[in-house]
Amino acid sequence: METINLLIWSLDSLLGLSLLWLAWRALTTPDLFKAVVLFIAFGLLITLVWVRLDAPDVALAEAAIGAGLTGALLLSALARLDSTHSDPASVYSGKTRVNNESAGPESIHWWPFSLLVLVSSGLGFIILSMPVAFMGLSPEVSDQLANSGVENPVTAVLLNFRAYDTLLEMVVLLIALLGVWSLGGGVKHKEPFPGTVLDILTRLLTPVLILVSAYLLWVGAHAPGGAFQAGSVLGAAGVLLMLSGWQLQMNIPVLLIRLILLAGPFAFIAMAVITIMIEGQLLQFPVAQAGLLILLLETFATLSIGATLAALFLGGQTWKNDEESL
Amino acid sequence: MTIIDYISVILLVAGAFFFLAGTLGLLRFPDVYTRLHALTKADNLGLGLTVTGLILQLESWLVAGKLLLIWILILLAGASVAHLIAKGALRRKVRLWKQ
Amino acid sequence: MQTFYLALALFLLLSLVAGMWRILRGPSATDRMLAAQLFSTTAVAILLLLAQATGKPAFHDIALVFALLTAITAVAFVQRAWPIKEDKHDDN
């Protein structure tokens with residue numbers, strides 16, 4: 001085998017094997033904190049896998065959400081779990097079998113395991129028997145790309161050809177947030193005044209995060225990027241501000257926040273109604289203005305996604321000691 | 001291979017060496033503080049040399065600027081996080097390794 | 001040169017996988033978090049090398065997002081998830 005193929009092959013197999021191994025360790029360790037850190041590492045490696053599979057848009061989203069935001073979310077949830085548990089130190093030391101007694105390789109449940117093996121071998125067989133030069137829908141997308149208003153085929157599919165699916169996704173995000181809100185109040189963390197270093201870090205990183213979010217939104221038209229990626233980076237900015245103890249929520253009226261959360265889905269629905277009235281078809285963009293309309297939709301979607309992710313991290317609509325409400 | 005390519009190769013190999021050193025330090029050093037030290041070496045030197053080696057290969061100043069930005073952000077985040085973790089570890093009375 | 005970039009990326013990936021041992025061993029929560037931080041920086045380097053090897057500048061953006069987001073995970077650890085009393089316990 002040529003060197004380069006050998007290198008590529010070793011790179012990919014190392015990635016795949018370490019993913020499997022990480023997943024196994026993350027699921028079978030009784031120490032929850034270790035499991036969370038393993039999961040963060042897992043997210044990191046998955047991003048590399050997306051890169052190797054030549055899907056940079058997904059890799060961008062995975063880097064922001066899977067490796068970053070989910071890590072912060074899980075750590076925060078772990079802290080909250082800890083505070084409700086009787087013995088605080090035990091969650092971290094694994095003395096308490098919090099994820100039940102059946103952790104460990106000696107207690108494999110045979111029925112689900114054999115089902116899983118069946119499904120994965122079926123999937124593997126199907127993927128391996130696909131013709132190597134399988135083009136999928138790429139030719140059709142490239143043909144229509146000129147009419148879509150953008151040059152990035154992923155954005156064209158998400159925001160133009162299958163804009164209906166994205167509309168539904170926006171609504172799903174909103175429903176997820178409502179689900180989290182329905183679970184009860186958030187925990188009001190009495191953050192001490194952030195030390196100098198954390199304060200400076202926040203002051204420097206937050207503008208950069210906002211700028212990078214705007215950059216990803218803009219560049220999504222002709223390179224990997226787009227609303228979801230930009231929205232998750234924006235959400236990360238919100239999470240950073242919340243973690244550093246910046247007392248933001250007092251001055252923002254509740255209505256404004258709710259409007260921002262709704263802006264994404266409503267923009268899509270409004271666009272759907274308008275296009276039905278003008279063009280007669282659901283979400284059929286006029287070719288000349290398609291680029292502009294897509295940018296407009298993506299901007300609202302970015303704001304909405306960012307706010308939704310930050311609100312998910314916050315965890316609740318009202319505080320437990322319910323004087324201030326969000 | 002031009003002279004620029006050779007310089008890039010040297011810089012990149014040096015960067016990879018520092019990354020290895022950082023990982024070895026993380027695995028072999030005896031306590032949290034020394035491991036933190038090893039980590040920041042990988043951040044500063046490892047990534048810095050890698051970025052420099054790659055910048056020499058680029059044609060566009062804009063992309064070079066982006067790579068520099070990535071390095072500066074890692075430096076900033078790495079230094080701040082190192083400080084925060086060290087201070088927190090001291091407060092939690094994590095023992096220093098005594099010879 | 002492309003072979004060289006890929007070889008370096010493989011080398012860094014091996015280094016990353018070796019670092020996983022620290023996550024598993026601990027012994028404290030801090031050590032595990034440190035390993036995760038090193039992972040992120042190594043992943044940034046791998047991404048930059050892959051960007052140069054495959055000629056796709058989009059990967060630079062992914063590295064940029066990584067650089068920003070690892071700080072947030074670390075801040076979440078320091079501010080929220082760090083137990084007050086570290087237990088020098090190790091398992092598995």
# chains A, B, ... in the order shown; residues from 1 in each chain; ligands from 1
call {"tool": "residues_around", "arguments": {"residues": "Leu84 in chain B", "least_positions_apart": "3", "cutoff": "8 Å", "atoms": "only C-alpha atoms", "output": "PyMOL selection string"}}
result
(chain A and resi 197-198) or (chain B and resi 80-81+87-88) or (chain C and resi 78)
call {"tool": "write_last_selection", "arguments": {"atoms": "N, CA and C atoms", "output": "short mmCIF file (atom, residue, chain, number, x, y, z; two decimals), in the first residue's frame"}}
result
data_model
loop_
_atom_site.label_atom_id
_atom_site.label_comp_id
_atom_site.auth_asym_id
_atom_site.auth_seq_id
_atom_site.Cartn_x
_atom_site.Cartn_y
_atom_site.Cartn_z
N VAL A 197 -9.19 37.26 36.87
CA VAL A 197 -8.83 36.50 35.68
C VAL A 197 -10.07 36.07 34.91
N LEU A 198 -11.04 35.54 35.66
CA LEU A 198 -12.26 35.09 34.98
C LEU A 198 -12.99 36.27 34.36
N SER B 80 -5.60 31.57 31.30
CA SER B 80 -6.63 31.88 32.29
C SER B 80 -7.09 30.63 33.01
N VAL B 81 -7.33 29.58 32.24
CA VAL B 81 -7.82 28.34 32.86
C VAL B 81 -6.76 27.76 33.79
N LYS B 87 -5.53 28.15 41.27
CA LYS B 87 -6.06 28.84 42.45
C LYS B 87 -7.10 27.98 43.15
N GLY B 88 -7.97 27.38 42.34
CA GLY B 88 -8.99 26.52 42.92
C GLY B 88 -8.40 25.32 43.63
N VAL C 78 -14.74 24.92 36.61
CA VAL C 78 -14.21 25.68 37.74
C VAL C 78 -15.33 26.32 38.53
#
call {"tool": "interface_residues", "arguments": {"of": "chain C", "to": "chain A", "cutoff": "7 Å", "atoms": "only C-alpha atoms", "output": "list in words"}}
result
Thr3, Leu6, Ala7, Leu10, Ile23, Arg32, Met33, Ala36, Ala58, Phe59, Ile62, Val65, Phe66, Leu69, Thr70, Ile72, Thr73, Ala76, Phe77, Gln79, Arg80, Ala81, Pro83, Lys85, Asp87 and His89 of chain C
call {"tool": "write_last_selection", "arguments": {"atoms": "C-alpha atoms", "output": "short mmCIF file (atom, residue, chain, number, x, y, z; two decimals), in the first residue's frame"}}
result
data_model
loop_
_atom_site.label_atom_id
_atom_site.label_comp_id
_atom_site.auth_asym_id
_atom_site.auth_seq_id
_atom_site.Cartn_x
_atom_site.Cartn_y
_atom_site.Cartn_z
CA THR C 3 2.17 12.67 3.48
CA LEU C 6 -0.94 13.24 7.59
CA ALA C 7 1.90 11.52 9.40
CA LEU C 10 -1.52 10.56 13.08
CA ILE C 23 -8.86 10.70 32.30
CA ARG C 32 -9.43 14.49 34.31
CA MET C 33 -10.35 18.02 33.35
CA ALA C 36 -9.74 17.15 28.43
CA ALA C 58 -13.18 25.29 6.31
CA PHE C 59 -11.34 23.21 8.87
CA ILE C 62 -13.69 24.33 13.14
CA VAL C 65 -14.66 27.14 17.32
CA PHE C 66 -12.76 24.51 19.30
CA LEU C 69 -15.41 26.45 23.31
CA THR C 70 -12.83 24.60 25.39
CA ILE C 72 -16.17 27.48 28.28
CA THR C 73 -16.07 23.85 29.34
CA ALA C 76 -18.05 25.49 33.69
CA PHE C 77 -15.87 23.04 35.59
CA GLN C 79 -17.39 27.57 38.52
CA ARG C 80 -19.89 24.79 38.96
CA ALA C 81 -18.74 21.22 38.93
CA PRO C 83 -16.23 19.51 44.37
CA LYS C 85 -13.45 18.54 49.03
CA ASP C 87 -11.35 12.95 47.22
CA HIS C 89 -10.17 8.18 45.09
#
call {"tool": "select_by_dssp", "arguments": {"residues": "range 241-282 of chain A", "states": "helix (DSSP H, G or I)", "output": "ChimeraX atom specification"}}
result
/A:241-243,254-279
call {"tool": "write_last_selection", "arguments": {"atoms": "C-alpha atoms", "output": "mmCIF file, in the first residue's frame"}}
result
data_model
loop_
_atom_site.group_PDB
_atom_site.id
_atom_site.type_symbol
_atom_site.label_atom_id
_atom_site.label_comp_id
_atom_site.auth_asym_id
_atom_site.auth_seq_id
_atom_site.Cartn_x
_atom_site.Cartn_y
_atom_site.Cartn_z
ATOM 1 C CA LEU A 241 -21.726 35.179 30.734
ATOM 2 C CA MET A 242 -23.956 33.140 32.998
ATOM 3 C CA LEU A 243 -21.047 31.102 34.343
ATOM 4 C CA VAL A 254 -39.394 39.004 30.060
ATOM 5 C CA LEU A 255 -41.265 39.845 26.900
ATOM 6 C CA LEU A 256 -38.105 40.682 24.993
ATOM 7 C CA ILE A 257 -36.542 37.356 25.819
ATOM 8 C CA ARG A 258 -39.622 35.477 24.778
ATOM 9 C CA LEU A 259 -39.760 37.442 21.541
ATOM 10 C CA ILE A 260 -36.175 36.526 20.733
ATOM 11 C CA LEU A 261 -36.879 32.883 21.473
ATOM 12 C CA LEU A 262 -39.845 32.968 19.135
ATOM 13 C CA ALA A 263 -38.154 34.990 16.405
ATOM 14 C CA GLY A 264 -36.724 31.979 14.597
ATOM 15 C CA PRO A 265 -39.835 29.829 14.270
ATOM 16 C CA PHE A 266 -42.007 32.842 13.571
ATOM 17 C CA ALA A 267 -39.688 34.083 10.832
ATOM 18 C CA PHE A 268 -39.937 30.737 9.127
ATOM 19 C CA ILE A 269 -43.699 30.549 9.512
ATOM 20 C CA ALA A 270 -44.119 34.117 8.274
ATOM 21 C CA MET A 271 -41.913 33.322 5.287
ATOM 22 C CA ALA A 272 -43.981 30.228 4.603
ATOM 23 C CA VAL A 273 -47.206 32.236 4.617
ATOM 24 C CA ILE A 274 -45.739 34.958 2.425
ATOM 25 C CA THR A 275 -44.399 32.525 -0.119
ATOM 26 C CA ILE A 276 -47.716 30.744 -0.289
ATOM 27 C CA MET A 277 -49.412 34.042 -1.009
ATOM 28 C CA ILE A 278 -46.862 35.246 -3.557
ATOM 29 C CA GLU A 279 -45.623 32.143 -5.285
#
call {"tool": "residues_around", "arguments": {"residues": "range 62-77 of chain B", "least_positions_apart": "4", "cutoff": "6 Å", "atoms": "only C-alpha atoms", "output": "short mmCIF file (atom, residue, chain, number, x, y, z; two decimals) with C-alpha atoms, in the first residue's frame"}}
result
data_model
loop_
_atom_site.label_atom_id
_atom_site.label_comp_id
_atom_site.auth_asym_id
_atom_site.auth_seq_id
_atom_site.Cartn_x
_atom_site.Cartn_y
_atom_site.Cartn_z
CA ILE B 55 1.68 29.95 8.14
CA VAL B 81 -7.82 28.34 32.86
CA LEU C 64 -11.42 28.35 15.79
CA ALA C 67 -10.35 27.11 20.65
CA ALA C 71 -12.47 27.67 27.54
#
call {"tool": "closest_atom_pairs", "arguments": {"of": "chain C", "to": "chain B", "cutoff": "7 Å", "atoms": "only C-alpha atoms", "output": "Markdown table"}}
result
| residue | atom | partner | partner_atom | distance |
| --- | --- | --- | --- | --- |
| C:Leu12 | CA | B:Ala16 | CA | 6.8 |
| C:Ser15 | CA | B:Leu20 | CA | 6.0 |
| C:Gly19 | CA | B:Thr23 | CA | 5.8 |
| C:Arg22 | CA | B:Leu27 | CA | 6.0 |
| C:Asp31 | CA | B:Val32 | CA | 6.3 |
| C:Leu34 | CA | B:Leu36 | CA | 7.0 |
| C:Leu38 | CA | B:Leu39 | CA | 6.2 |
| C:Thr41 | CA | B:Asp43 | CA | 6.4 |
| C:Ala45 | CA | B:Leu47 | CA | 6.4 |
| C:Leu64 | CA | B:Ile70 | CA | 5.5 |
| C:Ala67 | CA | B:Ile74 | CA | 5.5 |
| C:Leu68 | CA | B:Leu73 | CA | 6.9 |
| C:Ala71 | CA | B:Ala77 | CA | 5.4 |
| C:Ala74 | CA | B:Val81 | CA | 6.6 |
| C:Val78 | CA | B:Ile85 | CA | 6.7 |
| C:Ile84 | CA | B:Arg92 | CA | 6.2 |
| C:Lys85 | CA | B:Arg92 | CA | 6.3 |
| C:Glu86 | CA | B:Arg92 | CA | 6.9 |
call {"tool": "write_last_selection", "arguments": {"atoms": "C-alpha atoms", "output": "mmCIF file, in the first residue's frame"}}
result
data_model
loop_
_atom_site.group_PDB
_atom_site.id
_atom_site.type_symbol
_atom_site.label_atom_id
_atom_site.label_comp_id
_atom_site.auth_asym_id
_atom_site.auth_seq_id
_atom_site.Cartn_x
_atom_site.Cartn_y
_atom_site.Cartn_z
ATOM 1 C CA LEU C 12 -0.757 13.837 17.368
ATOM 2 C CA SER C 15 -0.550 11.400 21.627
ATOM 3 C CA GLY C 19 -3.626 11.211 27.147
ATOM 4 C CA ARG C 22 -5.100 10.329 32.551
ATOM 5 C CA ASP C 31 -6.633 15.730 36.509
ATOM 6 C CA LEU C 34 -6.730 18.849 32.537
ATOM 7 C CA LEU C 38 -5.028 19.015 26.420
ATOM 8 C CA THR C 41 -5.481 21.839 22.028
ATOM 9 C CA ALA C 45 -3.413 21.126 15.926
ATOM 10 C CA LEU C 64 -11.418 28.354 15.791
ATOM 11 C CA ALA C 67 -10.350 27.106 20.646
ATOM 12 C CA LEU C 68 -13.266 29.188 21.890
ATOM 13 C CA ALA C 71 -12.466 27.670 27.541
ATOM 14 C CA ALA C 74 -13.157 24.636 31.658
ATOM 15 C CA VAL C 78 -14.210 25.679 37.737
ATOM 16 C CA ILE C 84 -15.143 21.458 47.398
ATOM 17 C CA LYS C 85 -13.452 18.541 49.030
ATOM 18 C CA GLU C 86 -11.324 16.623 46.582
#
call {"tool": "closest_residue", "arguments": {"among": "A:Ile200, A:Ala290, A:Val157, A:Leu283", "to": "chain B", "atoms": "only C-alpha atoms"}}
result
A:Ile200
call {"tool": "closest_residue", "arguments": {"among": "A:Leu174, A:Leu159, A:Leu204, A:Ile305", "to": "chain B", "atoms": "only C-alpha atoms"}}
result
A:Leu204
call {"tool": "residues_around", "arguments": {"residues": "Ile46 in chain C", "least_positions_apart": "2", "cutoff": "8 Å", "atoms": "only C-alpha atoms", "output": "PyMOL selection string"}}
result
chain C and resi 9+12-13+42-44+48-50
call {"tool": "atom_distance", "arguments": {"atom1": "CA of Leu234 in chain A", "atom2": "CA of Ser304 in chain A"}}
result
9.7 Å
call {"tool": "atom_distance", "arguments": {"atom1": "CA of Gly220 in chain A", "atom2": "CA of Gly235 in chain A"}}
result
17.6 Å
call {"tool": "atom_distance", "arguments": {"atom1": "CA of Leu183 in chain A", "atom2": "CA of Ala311 in chain A"}}
result
13.4 Å
call {"tool": "decode", "arguments": {"residues": "chain B", "atoms": "C-alpha atoms", "output": "compact mmCIF listing (two decimals), in the first residue's frame"}}
result
# COMPACT_ATOMS: atom_id res chain seq x y z
CA MET B 1 10.93 20.98 -1.77
CA THR B 2 12.01 24.53 -1.31
CA ILE B 3 13.84 26.01 1.62
CA ILE B 4 10.51 27.26 3.01
CA ASP B 5 9.24 23.70 3.01
CA TYR B 6 12.24 22.53 4.97
CA ILE B 7 11.79 25.25 7.56
CA SER B 8 8.10 24.34 7.84
CA VAL B 9 8.94 20.69 8.37
CA ILE B 10 11.39 21.55 11.14
CA LEU B 11 8.90 23.84 12.88
CA LEU B 12 6.06 21.35 12.61
CA VAL B 13 8.15 18.48 13.94
CA ALA B 14 9.28 20.67 16.84
CA GLY B 15 5.65 21.56 17.54
CA ALA B 16 4.62 17.92 17.53
CA PHE B 17 7.50 17.15 19.88
CA PHE B 18 6.18 19.71 22.36
CA PHE B 19 2.73 18.22 22.15
CA LEU B 20 4.22 14.84 22.95
CA ALA B 21 6.14 16.41 25.82
CA GLY B 22 2.92 17.92 27.12
CA THR B 23 1.12 14.59 27.02
CA LEU B 24 4.04 12.81 28.66
CA GLY B 25 4.06 15.45 31.35
CA LEU B 26 0.35 14.99 31.90
CA LEU B 27 0.85 11.26 32.29
CA ARG B 28 4.04 11.17 34.30
CA PHE B 29 4.18 14.24 36.53
CA PRO B 30 3.32 13.63 40.17
CA ASP B 31 0.68 16.22 41.00
CA VAL B 32 -1.92 18.59 39.61
CA TYR B 33 0.28 21.66 39.52
CA THR B 34 3.12 20.11 37.57
CA ARG B 35 0.67 18.56 35.14
CA LEU B 36 -0.87 21.98 34.62
CA HIS B 37 2.59 23.26 33.82
CA ALA B 38 3.11 20.55 31.18
CA LEU B 39 -0.23 21.37 29.64
CA THR B 40 0.53 25.03 29.14
CA LYS B 41 3.80 24.16 27.43
CA ALA B 42 1.87 22.19 24.86
CA ASP B 43 -0.49 25.13 24.42
CA ASN B 44 2.13 27.79 23.99
CA LEU B 45 5.03 26.16 22.24
CA GLY B 46 3.42 23.16 20.65
CA LEU B 47 0.61 25.03 18.98
CA GLY B 48 2.74 28.11 18.37
CA LEU B 49 5.38 26.20 16.43
CA THR B 50 2.71 24.30 14.53
CA VAL B 51 0.93 27.51 13.57
CA THR B 52 4.18 29.16 12.51
CA GLY B 53 5.14 26.17 10.40
CA LEU B 54 1.75 26.19 8.68
CA ILE B 55 1.68 29.95 8.14
CA LEU B 56 4.87 29.70 6.08
CA GLN B 57 2.98 27.45 3.69
CA LEU B 58 0.04 29.74 3.15
CA GLU B 59 -0.53 32.19 0.34
CA SER B 60 -3.16 34.38 1.94
CA TRP B 61 -2.55 36.89 4.72
CA LEU B 62 -6.15 36.60 5.82
CA VAL B 63 -5.88 32.90 6.55
CA ALA B 64 -2.55 33.47 8.31
CA GLY B 65 -4.33 36.00 10.49
CA LYS B 66 -7.01 33.46 11.29
CA LEU B 67 -4.41 30.90 12.36
CA LEU B 68 -2.71 33.48 14.54
CA LEU B 69 -6.06 34.33 16.09
CA ILE B 70 -6.60 30.66 16.92
CA TRP B 71 -3.22 30.50 18.62
CA ILE B 72 -3.81 33.69 20.60
CA LEU B 73 -7.22 32.45 21.75
CA ILE B 74 -5.76 29.15 22.92
CA LEU B 75 -3.03 31.08 24.74
CA LEU B 76 -5.55 33.33 26.40
CA ALA B 77 -7.91 30.54 27.38
CA GLY B 78 -5.08 28.25 28.43
CA ALA B 79 -3.40 30.79 30.65
CA SER B 80 -6.63 31.88 32.29
CA VAL B 81 -7.82 28.34 32.86
CA ALA B 82 -4.42 27.36 34.27
CA HIS B 83 -4.65 30.22 36.73
CA LEU B 84 -8.22 29.38 37.70
CA ILE B 85 -7.49 25.71 38.20
CA ALA B 86 -4.31 26.36 40.19
CA LYS B 87 -6.06 28.84 42.45
CA GLY B 88 -8.99 26.52 42.92
CA ALA B 89 -6.72 23.59 43.66
CA LEU B 90 -4.86 25.59 46.28
CA ARG B 91 -8.12 26.60 47.87
CA ARG B 92 -9.21 23.01 47.97
CA LYS B 93 -5.89 22.15 49.60
CA VAL B 94 -4.76 19.74 46.94
CA ARG B 95 -1.39 18.57 48.13
CA LEU B 96 1.76 19.68 46.38
CA TRP B 97 4.16 16.93 45.57
CA LYS B 98 7.12 17.03 47.88
CA GLN B 99 10.26 15.26 46.74
